[in-house]
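K.L.:
Handing over final.txt, compact mmCIF, C-alpha atoms.
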```txt
# COMPACT_ATOMS: atom_id res chain seq x y z
CA MET A 1462 98.44 104.47 63.83
CA GLU A 1463 98.03 108.15 64.70
CA ASN A 1464 99.98 109.80 67.47
CA LEU A 1465 98.36 110.43 70.81
CA PHE A 1466 99.32 113.55 72.70
CA ILE A 1467 97.58 114.69 75.90
CA GLU A 1468 98.90 117.80 77.61
CA ALA A 1469 99.50 117.57 81.37
CA THR A 1470 97.12 119.27 83.79
CA SER A 1471 97.46 119.77 87.54
CA THR A 1472 95.67 116.42 88.05
CA THR A 1473 96.55 114.36 84.97
CA PRO A 1474 99.89 113.36 83.43
CA LYS A 1475 101.21 114.18 79.97
CA ILE A 1476 100.81 111.36 77.47
CA GLU A 1477 103.04 111.11 74.41
CA PHE A 1478 102.46 108.14 72.15
CA TYR A 1479 104.41 108.33 68.90
CA PRO A 1480 104.20 104.94 67.14
CA ASN A 1481 106.57 106.03 64.35
CA LYS A 1482 109.18 107.14 66.86
CA ASN A 1483 108.86 103.94 68.92
CA LEU A 1484 107.91 105.94 71.98
CA PHE A 1485 105.21 105.89 74.66
CA GLU A 1486 105.82 108.27 77.54
CA ILE A 1487 103.70 109.17 80.55
CA SER A 1488 104.94 111.95 82.81
CA GLY A 1489 103.84 114.21 85.63
CA SER A 1490 101.24 113.79 88.37
CA SER A 1491 98.13 111.66 88.36
CA ARG A 1492 95.02 112.07 90.48
CA PRO A 1493 92.21 112.39 87.91
CA GLU A 1494 88.68 113.02 89.14
CA ASP A 1495 87.64 109.94 87.16
CA VAL A 1496 90.57 107.59 86.60
CA ARG A 1497 88.66 105.34 84.21
CA ILE A 1498 87.71 108.20 81.86
CA PHE A 1499 91.33 109.30 81.72
CA TYR A 1500 93.14 105.97 81.46
CA GLN A 1501 90.77 103.69 79.51
CA PRO A 1502 91.33 105.40 76.09
CA ILE A 1503 95.09 105.17 76.64
CA LEU A 1504 94.83 101.47 77.41
CA ASN A 1505 92.62 100.96 74.36
CA LYS A 1506 95.17 102.72 72.16
CA LEU A 1507 97.99 100.51 73.45
CA GLU A 1508 95.90 97.38 72.81
CA GLN A 1509 95.00 98.55 69.28
CA PHE A 1510 98.61 99.32 68.47
CA ARG A 1511 99.79 95.91 69.68
CA ALA A 1512 97.15 94.22 67.50
CA GLU A 1513 98.30 96.34 64.57
CA ILE A 1514 101.98 95.56 64.89
CA THR A 1515 101.61 91.87 65.63
CA ASN A 1516 99.53 91.47 62.44
CA LYS A 1517 102.13 93.22 60.32
CA GLU A 1518 105.81 92.68 59.93
CA TYR A 1519 107.23 95.46 62.02
CA ASP A 1520 110.81 95.03 63.03
CA TYR A 1521 111.88 96.52 66.32
CA ASN A 1522 115.05 94.48 66.61
CA ASP A 1523 117.36 97.42 66.04
CA ASN A 1524 115.26 100.03 67.81
CA PRO A 1525 113.09 98.74 70.62
CA PHE A 1526 109.76 100.36 71.34
CA VAL A 1527 110.44 102.47 74.44
CA PHE A 1528 107.94 102.93 77.27
CA ASN A 1529 108.89 105.70 79.70
CA PHE A 1530 107.20 106.18 83.06
CA LYS A 1531 108.16 109.55 84.54
CA PHE A 1532 105.76 110.11 87.39
CA ASN A 1533 106.49 112.54 90.16
CA TYR A 1534 103.30 111.46 91.93
CA PHE A 1535 100.21 109.27 91.45
CA ASN A 1536 97.36 108.49 93.81
CA SER A 1537 96.14 105.05 94.82
CA SER A 1538 93.25 105.09 92.29
CA SER A 1539 95.69 105.74 89.45
CA ALA A 1540 97.92 102.87 90.62
CA LYS A 1541 95.37 100.29 89.44
CA PHE A 1542 95.32 101.73 85.93
CA ILE A 1543 99.08 102.17 85.78
CA LEU A 1544 99.28 98.46 86.59
CA ASP A 1545 96.83 97.77 83.73
CA ILE A 1546 99.10 99.72 81.37
CA LEU A 1547 102.11 97.70 82.58
CA ILE A 1548 100.14 94.46 82.07
CA GLU A 1549 99.38 95.55 78.49
CA ILE A 1550 103.05 96.39 77.92
CA ASN A 1551 103.86 92.94 79.26
CA ASN A 1552 101.64 91.55 76.48
CA TYR A 1553 103.93 93.27 73.97
CA PHE A 1554 106.80 91.35 75.56
CA ILE A 1555 104.82 88.08 75.43
CA ASP A 1556 104.13 88.76 71.74
CA GLU A 1557 107.91 88.99 71.26
CA ILE A 1558 107.94 92.66 70.37
CA ASN A 1559 111.28 94.19 71.26
CA ILE A 1560 110.52 96.69 74.02
CA GLN A 1561 112.33 98.65 76.67
CA VAL A 1562 110.61 99.91 79.83
CA ASN A 1563 112.15 102.77 81.79
CA TRP A 1564 110.86 103.76 85.22
CA PHE A 1565 112.13 107.16 86.36
CA PHE A 1566 112.17 108.42 89.94
CA ASP A 1567 113.44 111.58 91.63
CA ASP A 1568 116.67 111.38 93.60
CA GLY A 1569 115.61 110.48 97.15
CA ASP A 1570 112.11 109.27 96.21
CA ASP A 1571 112.60 105.62 97.16
CA ASP A 1572 108.81 105.16 97.35
CA MET A 1573 108.45 105.85 93.61
CA LYS A 1574 111.16 103.30 92.80
CA GLU A 1575 109.52 100.77 95.13
CA VAL A 1576 106.10 101.15 93.51
CA GLY A 1577 107.65 100.43 90.11
CA GLU A 1578 109.27 97.29 91.49
CA GLU A 1579 106.07 96.14 93.21
CA LEU A 1580 103.78 96.74 90.22
CA THR A 1581 106.04 94.80 87.86
CA GLU A 1582 106.86 92.03 90.36
CA MET A 1583 104.46 89.52 88.81
CA LEU A 1584 105.20 90.51 85.20
CA ASP A 1585 107.87 89.35 82.75
CA ILE A 1586 109.09 92.84 81.94
CA GLN A 1587 111.97 94.20 83.94
CA PRO A 1588 112.11 97.99 83.83
CA GLN A 1589 115.32 99.92 83.99
CA TYR A 1590 115.21 102.22 87.02
CA ILE A 1591 116.59 105.64 86.26
CA MET A 1592 117.15 108.22 88.98
CA ILE A 1593 116.53 111.84 88.03
CA VAL A 1594 119.03 114.14 89.74
CA LYS A 1595 117.89 117.77 89.79
CA MET B 1169 110.26 122.01 123.51
CA PHE B 1170 109.39 122.18 119.82
CA LYS B 1171 107.39 125.03 118.37
CA LYS B 1172 104.34 123.95 116.39
CA ILE B 1173 104.46 125.29 112.83
CA GLU B 1174 101.18 125.36 110.94
CA LEU B 1175 101.22 124.48 107.22
CA LEU B 1176 97.50 124.10 106.66
CA LYS B 1177 94.32 125.05 108.47
CA TYR B 1178 91.17 124.60 106.45
CA LYS B 1179 87.51 124.36 107.32
CA GLY B 1180 84.87 124.39 104.62
CA ALA B 1181 83.12 122.51 101.87
CA LEU B 1182 85.40 120.20 99.92
CA ASP B 1183 85.00 119.46 96.22
CA PHE B 1184 87.55 118.27 93.65
CA GLU B 1185 88.54 121.84 92.76
CA GLN B 1186 88.99 122.86 96.39
CA ILE B 1187 91.19 119.80 97.02
CA GLY B 1188 93.46 121.06 94.20
CA ILE B 1189 93.69 124.53 95.76
CA ILE B 1190 94.60 123.07 99.17
CA LEU B 1191 97.21 120.75 97.64
CA ASP B 1192 98.80 123.59 95.62
CA ASN B 1193 99.10 125.76 98.76
CA VAL B 1194 100.64 122.96 100.80
CA GLN B 1195 103.01 122.05 97.95
CA VAL B 1196 104.34 125.62 97.84
CA LYS B 1197 104.96 125.54 101.61
CA LEU B 1198 106.63 122.13 101.46
CA ASP B 1199 108.86 123.24 98.58
CA SER B 1200 110.24 125.99 100.81
CA TYR B 1201 111.18 123.42 103.49
CA SER B 1202 114.59 121.79 103.66
CA THR B 1203 112.94 118.51 104.72
CA ASP B 1204 114.05 115.64 102.47
CA THR B 1205 112.25 114.68 99.25
CA LEU B 1206 110.85 111.42 100.58
CA VAL B 1207 109.16 113.07 103.58
CA LYS B 1208 107.70 115.87 101.42
CA LYS B 1209 106.33 113.35 98.93
CA ARG B 1210 104.87 111.22 101.71
CA ILE B 1211 103.13 114.25 103.24
CA TYR B 1212 101.69 115.20 99.86
CA SER B 1213 100.56 111.63 99.12
CA ILE B 1214 98.90 111.18 102.51
CA LEU B 1215 97.17 114.56 102.21
CA VAL B 1216 95.77 113.63 98.77
CA GLU B 1217 94.40 110.30 100.00
CA ALA B 1218 92.94 111.85 103.17
CA LEU B 1219 91.20 114.68 101.27
CA GLU B 1220 89.93 112.28 98.60
CA ASN B 1221 88.64 110.04 101.36
CA ILE B 1222 86.48 112.93 102.58
CA TYR B 1223 85.41 113.69 99.01
CA ASN B 1224 84.29 110.09 98.53
CA HIS B 1225 82.68 109.42 101.91
CA GLU B 1226 81.61 112.71 103.48
CA TYR B 1227 78.00 113.19 104.44
CA SER B 1228 77.42 116.74 103.24
CA GLN B 1229 76.06 118.79 106.13
CA LYS B 1230 74.81 121.84 104.31
CA GLU B 1231 72.47 122.83 107.13
CA ASN B 1232 75.16 122.89 109.80
CA ASP B 1233 78.47 124.77 109.40
CA LYS B 1234 79.79 123.28 112.62
CA TYR B 1235 80.43 119.91 111.03
CA LEU B 1236 82.01 120.95 107.74
CA PRO B 1237 85.20 119.10 106.70
CA GLU B 1238 88.33 120.28 108.48
CA ALA B 1239 92.02 119.69 107.79
CA THR B 1240 95.10 120.83 109.69
CA LEU B 1241 98.73 120.02 108.93
CA SER B 1242 101.46 121.10 111.29
CA GLN B 1243 105.08 120.36 112.01
CA LEU B 1244 106.23 119.53 115.52
CA GLY B 1245 109.93 118.79 115.68
CA GLU B 1246 110.71 116.03 113.20
CA ASN B 1247 107.07 114.99 112.87
CA PHE B 1248 104.33 116.32 110.65
CA ILE B 1249 100.81 115.87 112.01
CA LEU B 1250 97.74 115.78 109.78
CA GLU B 1251 94.29 115.89 111.37
CA ILE B 1252 91.34 115.55 109.09
CA SER B 1253 87.64 115.51 109.97
CA ASN B 1254 84.31 115.14 108.25
CA ALA B 1255 80.69 114.24 108.87
CA LEU B 1256 79.96 110.60 108.10
CA LEU B 1257 76.82 108.49 108.05
CA ASN B 1258 76.65 106.32 111.17
CA GLU B 1259 76.05 103.29 108.98
CA LYS B 1260 79.62 103.69 107.62
CA ILE B 1261 81.28 103.71 111.07
CA GLU B 1262 81.60 99.94 111.35
CA LYS B 1263 83.22 99.63 107.91
CA PHE B 1264 85.72 102.41 108.68
CA THR B 1265 86.49 101.09 112.17
CA ASN B 1266 87.14 97.62 110.78
CA LEU B 1267 89.41 98.98 108.06
CA LEU B 1268 91.37 101.24 110.44
CA GLU B 1269 91.76 98.48 113.02
CA TYR B 1270 92.84 96.10 110.25
CA VAL B 1271 95.64 98.39 109.03
CA ASN B 1272 96.66 99.32 112.58
CA ASN B 1273 97.21 95.67 113.42
CA LEU B 1274 99.47 95.00 110.44
CA SER B 1275 103.26 95.33 110.42
CA ASP B 1276 104.83 97.64 107.80
CA LYS B 1277 105.61 94.61 105.65
CA GLU B 1278 102.04 93.30 105.94
CA ILE B 1279 100.54 96.70 105.04
CA ASN B 1280 102.71 96.77 101.93
CA LYS B 1281 101.61 93.27 100.95
CA SER B 1282 97.96 94.06 101.60
CA TYR B 1283 98.11 97.37 99.67
CA TYR B 1284 99.69 95.86 96.56
CA GLY B 1285 97.38 92.84 96.87
CA LYS B 1286 94.38 95.21 96.59
CA ILE B 1287 95.92 97.07 93.65
CA LYS B 1288 96.48 93.79 91.83
CA GLU B 1289 92.90 92.58 92.37
CA LYS B 1290 91.04 92.40 89.09
CA SER B 1291 87.82 93.81 90.55
CA LEU B 1292 86.43 97.00 89.08
CA LEU B 1293 86.96 100.21 90.97
CA GLU B 1294 84.12 101.05 93.24
CA LYS B 1295 83.45 104.47 94.67
CA GLY B 1296 85.62 104.84 97.74
CA ASN B 1297 88.21 102.55 96.23
CA ALA B 1298 87.78 99.59 98.60
CA GLY B 1299 90.04 101.00 101.32
CA ILE B 1300 93.12 101.45 99.14
CA GLY B 1301 93.40 105.12 100.13
CA ILE B 1302 93.47 104.29 103.85
CA MET B 1303 96.05 101.56 103.20
CA GLN B 1304 98.19 104.03 101.25
CA ILE B 1305 97.99 106.43 104.22
CA ALA B 1306 98.95 103.66 106.69
CA LYS B 1307 101.81 102.56 104.42
CA LYS B 1308 103.41 106.00 104.41
CA ALA B 1309 102.55 107.15 107.96
CA LYS B 1310 104.72 106.81 111.05
CA GLY B 1311 103.12 104.49 113.60
CA LYS B 1312 99.42 103.79 114.02
CA LEU B 1313 96.51 105.87 112.76
CA THR B 1314 94.37 107.35 115.54
CA TYR B 1315 90.74 108.16 115.02
CA ASN B 1316 87.44 108.88 116.72
CA PHE B 1317 83.78 109.27 115.87
CA LYS B 1318 81.85 111.99 117.70
CA THR B 1319 78.12 111.34 117.54
CA ILE B 1320 76.13 114.27 116.14
CA ASN B 1321 72.72 112.57 116.02
CA ASP B 1322 71.24 109.17 115.25
CA LYS B 1323 72.10 109.58 111.55
CA ILE B 1324 75.58 111.09 111.44
CA SER B 1325 78.87 111.39 113.35
CA TYR B 1326 81.95 113.57 113.02
CA PHE B 1327 84.94 111.44 112.03
CA THR B 1328 88.49 112.58 112.87
CA LEU B 1329 91.63 110.86 111.64
CA LYS B 1330 95.06 111.80 113.00
CA ILE B 1331 98.14 110.81 111.04
CA ILE B 1332 101.78 111.29 112.02
CA ILE B 1333 104.23 111.51 109.13
```
Go ahead and express the file in the form of structure tokens.
P.N.:
Amino acid sequence: MENLFIEATSTTPKIEFYPNKNLFEISGSSRPEDVRIFYQPILNKLEQFRAEITNKEYDYNDNPFVFNFKFNYFNSSSAKFILDILIEINNYFIDEINIQVNWFFDDGDDDMKEVGEELTEMLDIQPQYIMIVK
Amino acid sequence: MFKKIELLKYKGALDFEQIGIILDNVQVKLDSYSTDTLVKKRIYSILVEALENIYNHEYSQKENDKYLPEATLSQLGENFILEISNALLNEKIEKFTNLLEYVNNLSDKEINKSYYGKIKEKSLLEKGNAGIGIMQIAKKAKGKLTYNFKTINDKISYFTLKIII
């Protein structure tokens, strides 16, 4: 599958999806004018990639596929789609693909840590919470 | 007696681009403050939701400058006060009143539960986001939200929301 790279703007986060490097990373701020137009293609790509790797014999046992969430801010409309992305990542886990989910938050931003905990509460995946000290 | 420090005073039409300009200006001012990260981020988050609420629900009053959207953010002692106003169709008053009264009658824990409950609903996003923005504001604000509707005519009113952060 081809890489997906979307540069950050003042209203949308940076997306880095490098299947050959076992990395999906989303970083920055999110308050797109139309959340669906921004997030749906990303969700589709994650679904396609999961279908691709579950049909082939990829081995992530030594190097898990890493999903990094490095938001400094997202609005309430984005939250729904970020949850959809987490639900899709949870499907990777259900399909027994070796994954690692990292949820980053700025030192002192307890709200960002809390939202990660709340959004994954009903899922099987358990992110690692990593504080960014500036 | 605390001196009131003004961080934002805006009156004018509000589109997506203008919201970005306002947010950038406020961000620069907040960055120069020694206030802690959590408070700065809460102010920013509440301001986004409040401005987007206007963007989604405002009744555009092109023929009357008096009732253009208005936003002020000021610091008074330890509190930041955001007041935000816009023209609104009278037919939307009941829905907004019900939503604001609903969140004002919830405890912090209940607001949290209600907010994440809405996020986790499978329903498609509708314009206005089914009250999630107001819940987000209530979740991060200090105390209750205060509001009023000033009748302009039989079609529209001027809605003001006051938030303490």
K.L.:
Select residues of chain B: the criterion is any atom within 8 Å of an atom of chain A, counting all atoms listed in the file; output as a list in words.
P.N.:
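Within 8 Å of chain A on chain B, we get Phe1184, Gly1188, Asp1204, Thr1205, Leu1206, Lys1209, Ser1213, Val1216, Glu1217, Tyr1284, Ile1287, Lys1288, Asn1297, Ile1300, Gly1301 and Gln1304 of chain B.
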K.L.:
Set the distance at 12 Å and use only C-alpha atoms: which residues neighbour Lys1277 of chain B once local chain neighbours fewer than 4 positions away are removed? I'd like the list as a count of residues only.
P.N.:
9
K.L.:
Using all atoms listed in the file, which residues sit within 12 Å of Pro1502 of chain A once same-chain residues fewer than 6 positions away are excluded, as a ChimeraX atom specification?
P.N.:
/A:1465-1467,1476,1496,1508-1509,1542,1546
K.L.:
Within 8 Å of (102.7, 112.4, 82.6), only C-alpha atoms: residues as a PyMOL selection string?
P.N.:
chain A and resi 1469+1473-1476+1486-1491+1530-1532
K.L.:
Fewer than 6 positions away in the same chain doesn't count, so skip those; otherwise give me all residues within 12 Å of Asp1585 of chain A, counting only C-alpha atoms, as a PyMOL selection string.
P.N.:
chain A and resi 1547-1557+1560-1562+1578
K.L.:
I need the chosen residues saved as a PDB file, in the frame of the given file, with C-alpha atoms.
P.N.:
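Written file, again-v5.pdb:
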```
ATOM      1  CA  LEU A1547     102.110  97.700  82.580  1.00  0.00           C
ATOM      2  CA  ILE A1548     100.140  94.460  82.070  1.00  0.00           C
ATOM      3  CA  GLU A1549      99.380  95.550  78.490  1.00  0.00           C
ATOM      4  CA  ILE A1550     103.050  96.390  77.920  1.00  0.00           C
ATOM      5  CA  ASN A1551     103.860  92.940  79.260  1.00  0.00           C
ATOM      6  CA  ASN A1552     101.640  91.550  76.480  1.00  0.00           C
ATOM      7  CA  TYR A1553     103.930  93.270  73.970  1.00  0.00           C
ATOM      8  CA  PHE A1554     106.800  91.350  75.560  1.00  0.00           C
ATOM      9  CA  ILE A1555     104.820  88.080  75.430  1.00  0.00           C
ATOM     10  CA  ASP A1556     104.130  88.760  71.740  1.00  0.00           C
ATOM     11  CA  GLU A1557     107.910  88.990  71.260  1.00  0.00           C
ATOM     12  CA  ILE A1560     110.520  96.690  74.020  1.00  0.00           C
ATOM     13  CA  GLN A1561     112.330  98.650  76.670  1.00  0.00           C
ATOM     14  CA  VAL A1562     110.610  99.910  79.830  1.00  0.00           C
ATOM     15  CA  GLU A1578     109.270  97.290  91.490  1.00  0.00           C
TER      16      GLU A1578
END
```
K.L.:
Using Å and a single decimal, report how far atom CA of Asp1495 of chain A sits from atom CA of Ile1252 of chain B.
P.N.:
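Calculated distance between atom CA of Ile1252 of chain B and atom CA of Asp1495 of chain A is 22.9 Å.
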K.L.:
Using all atoms listed in the file, which residues sit within 6 Å of segment 1311-1323 of chain B once same-chain residues fewer than 4 positions away are excluded, as an mmCIF file with C-alpha atoms, in the coordinates of the input?
P.N.:
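Result written to around.cif:
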```cif
data_model
loop_
_atom_site.group_PDB
_atom_site.id
_atom_site.type_symbol
_atom_site.label_atom_id
_atom_site.label_comp_id
_atom_site.auth_asym_id
_atom_site.auth_seq_id
_atom_site.Cartn_x
_atom_site.Cartn_y
_atom_site.Cartn_z
ATOM 1 C CA LEU B 1257 76.820 108.490 108.050
ATOM 2 C CA ASN B 1258 76.650 106.320 111.170
ATOM 3 C CA ASN B 1272 96.660 99.320 112.580
ATOM 4 C CA PHE B 1327 84.940 111.440 112.030
ATOM 5 C CA THR B 1328 88.490 112.580 112.870
ATOM 6 C CA LEU B 1329 91.630 110.860 111.640
ATOM 7 C CA LYS B 1330 95.060 111.800 113.000
ATOM 8 C CA ILE B 1331 98.140 110.810 111.040
#
```
K.L.:
Have a look at atom CA of Leu1268 of chain B and atom CA of Ile1302 of chain B and let me know their distance in Å, one decimal.
P.N.:
7.6 Å
K.L.:
To one decimal place, how far is atom CA of Ile1591 of chain A from atom CA of Glu1575 of chain A in Å?
P.N.:
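Value for the atom CA of Ile1591 of chain A-atom CA of Glu1575 of chain A distance: 12.3 Å.
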K.L.:
Just add all heavy atoms to segment 1565-1576 of chain A and send it as a short mmCIF file (atom, residue, chain, number, x, y, z; two decimals), in the coordinates of the input.
P.N.:
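Contents of the output file result_12.cif:
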```
data_model
loop_
_atom_site.label_atom_id
_atom_site.label_comp_id
_atom_site.auth_asym_id
_atom_site.auth_seq_id
_atom_site.Cartn_x
_atom_site.Cartn_y
_atom_site.Cartn_z
N PHE A 1565 111.33 106.07 85.80
CA PHE A 1565 112.13 107.16 86.36
C PHE A 1565 111.64 107.52 87.76
O PHE A 1565 110.45 107.42 88.06
CB PHE A 1565 112.03 108.41 85.46
CG PHE A 1565 112.64 108.22 84.10
CD1 PHE A 1565 111.95 107.53 83.09
CD2 PHE A 1565 113.90 108.73 83.80
CE1 PHE A 1565 112.51 107.34 81.83
CE2 PHE A 1565 114.46 108.55 82.54
CZ PHE A 1565 113.77 107.86 81.56
N PHE A 1566 112.55 107.95 88.60
CA PHE A 1566 112.17 108.42 89.94
C PHE A 1566 113.13 109.53 90.37
O PHE A 1566 114.30 109.53 89.99
CB PHE A 1566 112.15 107.27 90.96
CG PHE A 1566 113.48 106.62 91.17
CD1 PHE A 1566 114.29 106.95 92.26
CD2 PHE A 1566 113.96 105.67 90.27
CE1 PHE A 1566 115.53 106.35 92.45
CE2 PHE A 1566 115.21 105.07 90.44
CZ PHE A 1566 115.99 105.41 91.54
N ASP A 1567 112.59 110.47 91.15
CA ASP A 1567 113.44 111.58 91.63
C ASP A 1567 114.47 111.07 92.63
O ASP A 1567 114.17 110.16 93.42
CB ASP A 1567 112.58 112.66 92.31
CG ASP A 1567 111.77 113.44 91.30
OD1 ASP A 1567 112.12 113.42 90.10
OD2 ASP A 1567 110.76 114.06 91.71
N ASP A 1568 115.62 111.69 92.62
CA ASP A 1568 116.67 111.38 93.60
C ASP A 1568 116.07 111.51 95.01
O ASP A 1568 115.52 112.55 95.36
CB ASP A 1568 117.81 112.40 93.41
CG ASP A 1568 118.99 112.09 94.31
OD1 ASP A 1568 119.00 111.03 94.95
OD2 ASP A 1568 119.92 112.92 94.35
N GLY A 1569 116.13 110.46 95.78
CA GLY A 1569 115.61 110.48 97.15
C GLY A 1569 114.20 109.94 97.28
O GLY A 1569 113.72 109.66 98.37
N ASP A 1570 113.50 109.76 96.15
CA ASP A 1570 112.11 109.27 96.21
C ASP A 1570 112.10 107.74 96.09
O ASP A 1570 111.71 107.18 95.06
CB ASP A 1570 111.27 109.92 95.10
CG ASP A 1570 109.78 109.59 95.25
OD1 ASP A 1570 109.42 108.92 96.23
OD2 ASP A 1570 109.00 110.00 94.38
N ASP A 1571 112.53 107.09 97.17
CA ASP A 1571 112.60 105.62 97.16
C ASP A 1571 111.22 104.99 97.00
O ASP A 1571 111.08 103.88 96.49
CB ASP A 1571 113.25 105.11 98.46
CG ASP A 1571 114.70 105.57 98.57
OD1 ASP A 1571 115.29 105.93 97.53
OD2 ASP A 1571 115.23 105.58 99.69
N ASP A 1572 110.17 105.70 97.47
CA ASP A 1572 108.81 105.16 97.35
C ASP A 1572 108.41 104.98 95.89
O ASP A 1572 107.74 104.01 95.52
CB ASP A 1572 107.79 106.09 98.03
CG ASP A 1572 107.86 106.01 99.56
OD1 ASP A 1572 108.63 105.17 100.07
OD2 ASP A 1572 107.14 106.77 100.22
N MET A 1573 108.81 105.94 95.03
CA MET A 1573 108.45 105.85 93.61
C MET A 1573 109.19 104.68 92.94
O MET A 1573 108.63 103.99 92.10
CB MET A 1573 108.76 107.18 92.90
CG MET A 1573 108.33 107.22 91.45
SD MET A 1573 106.57 106.83 91.18
CE MET A 1573 105.80 108.38 91.66
N LYS A 1574 110.43 104.46 93.34
CA LYS A 1574 111.16 103.30 92.80
C LYS A 1574 110.49 102.00 93.26
O LYS A 1574 110.27 101.09 92.48
CB LYS A 1574 112.62 103.35 93.25
CG LYS A 1574 113.45 102.26 92.59
CD LYS A 1574 114.89 102.27 93.02
CE LYS A 1574 115.62 101.15 92.29
NZ LYS A 1574 116.69 100.57 93.06
N GLU A 1575 110.13 101.98 94.56
CA GLU A 1575 109.52 100.77 95.13
C GLU A 1575 108.21 100.42 94.43
O GLU A 1575 107.95 99.25 94.13
CB GLU A 1575 109.27 100.98 96.63
CG GLU A 1575 108.60 99.79 97.30
CD GLU A 1575 107.75 100.19 98.47
OE1 GLU A 1575 108.29 100.34 99.58
OE2 GLU A 1575 106.53 100.36 98.29
N VAL A 1576 107.39 101.45 94.13
CA VAL A 1576 106.10 101.15 93.51
C VAL A 1576 106.30 100.57 92.11
O VAL A 1576 105.56 99.66 91.69
CB VAL A 1576 105.15 102.39 93.54
CG1 VAL A 1576 105.54 103.45 92.56
CG2 VAL A 1576 103.70 102.01 93.30
#
```
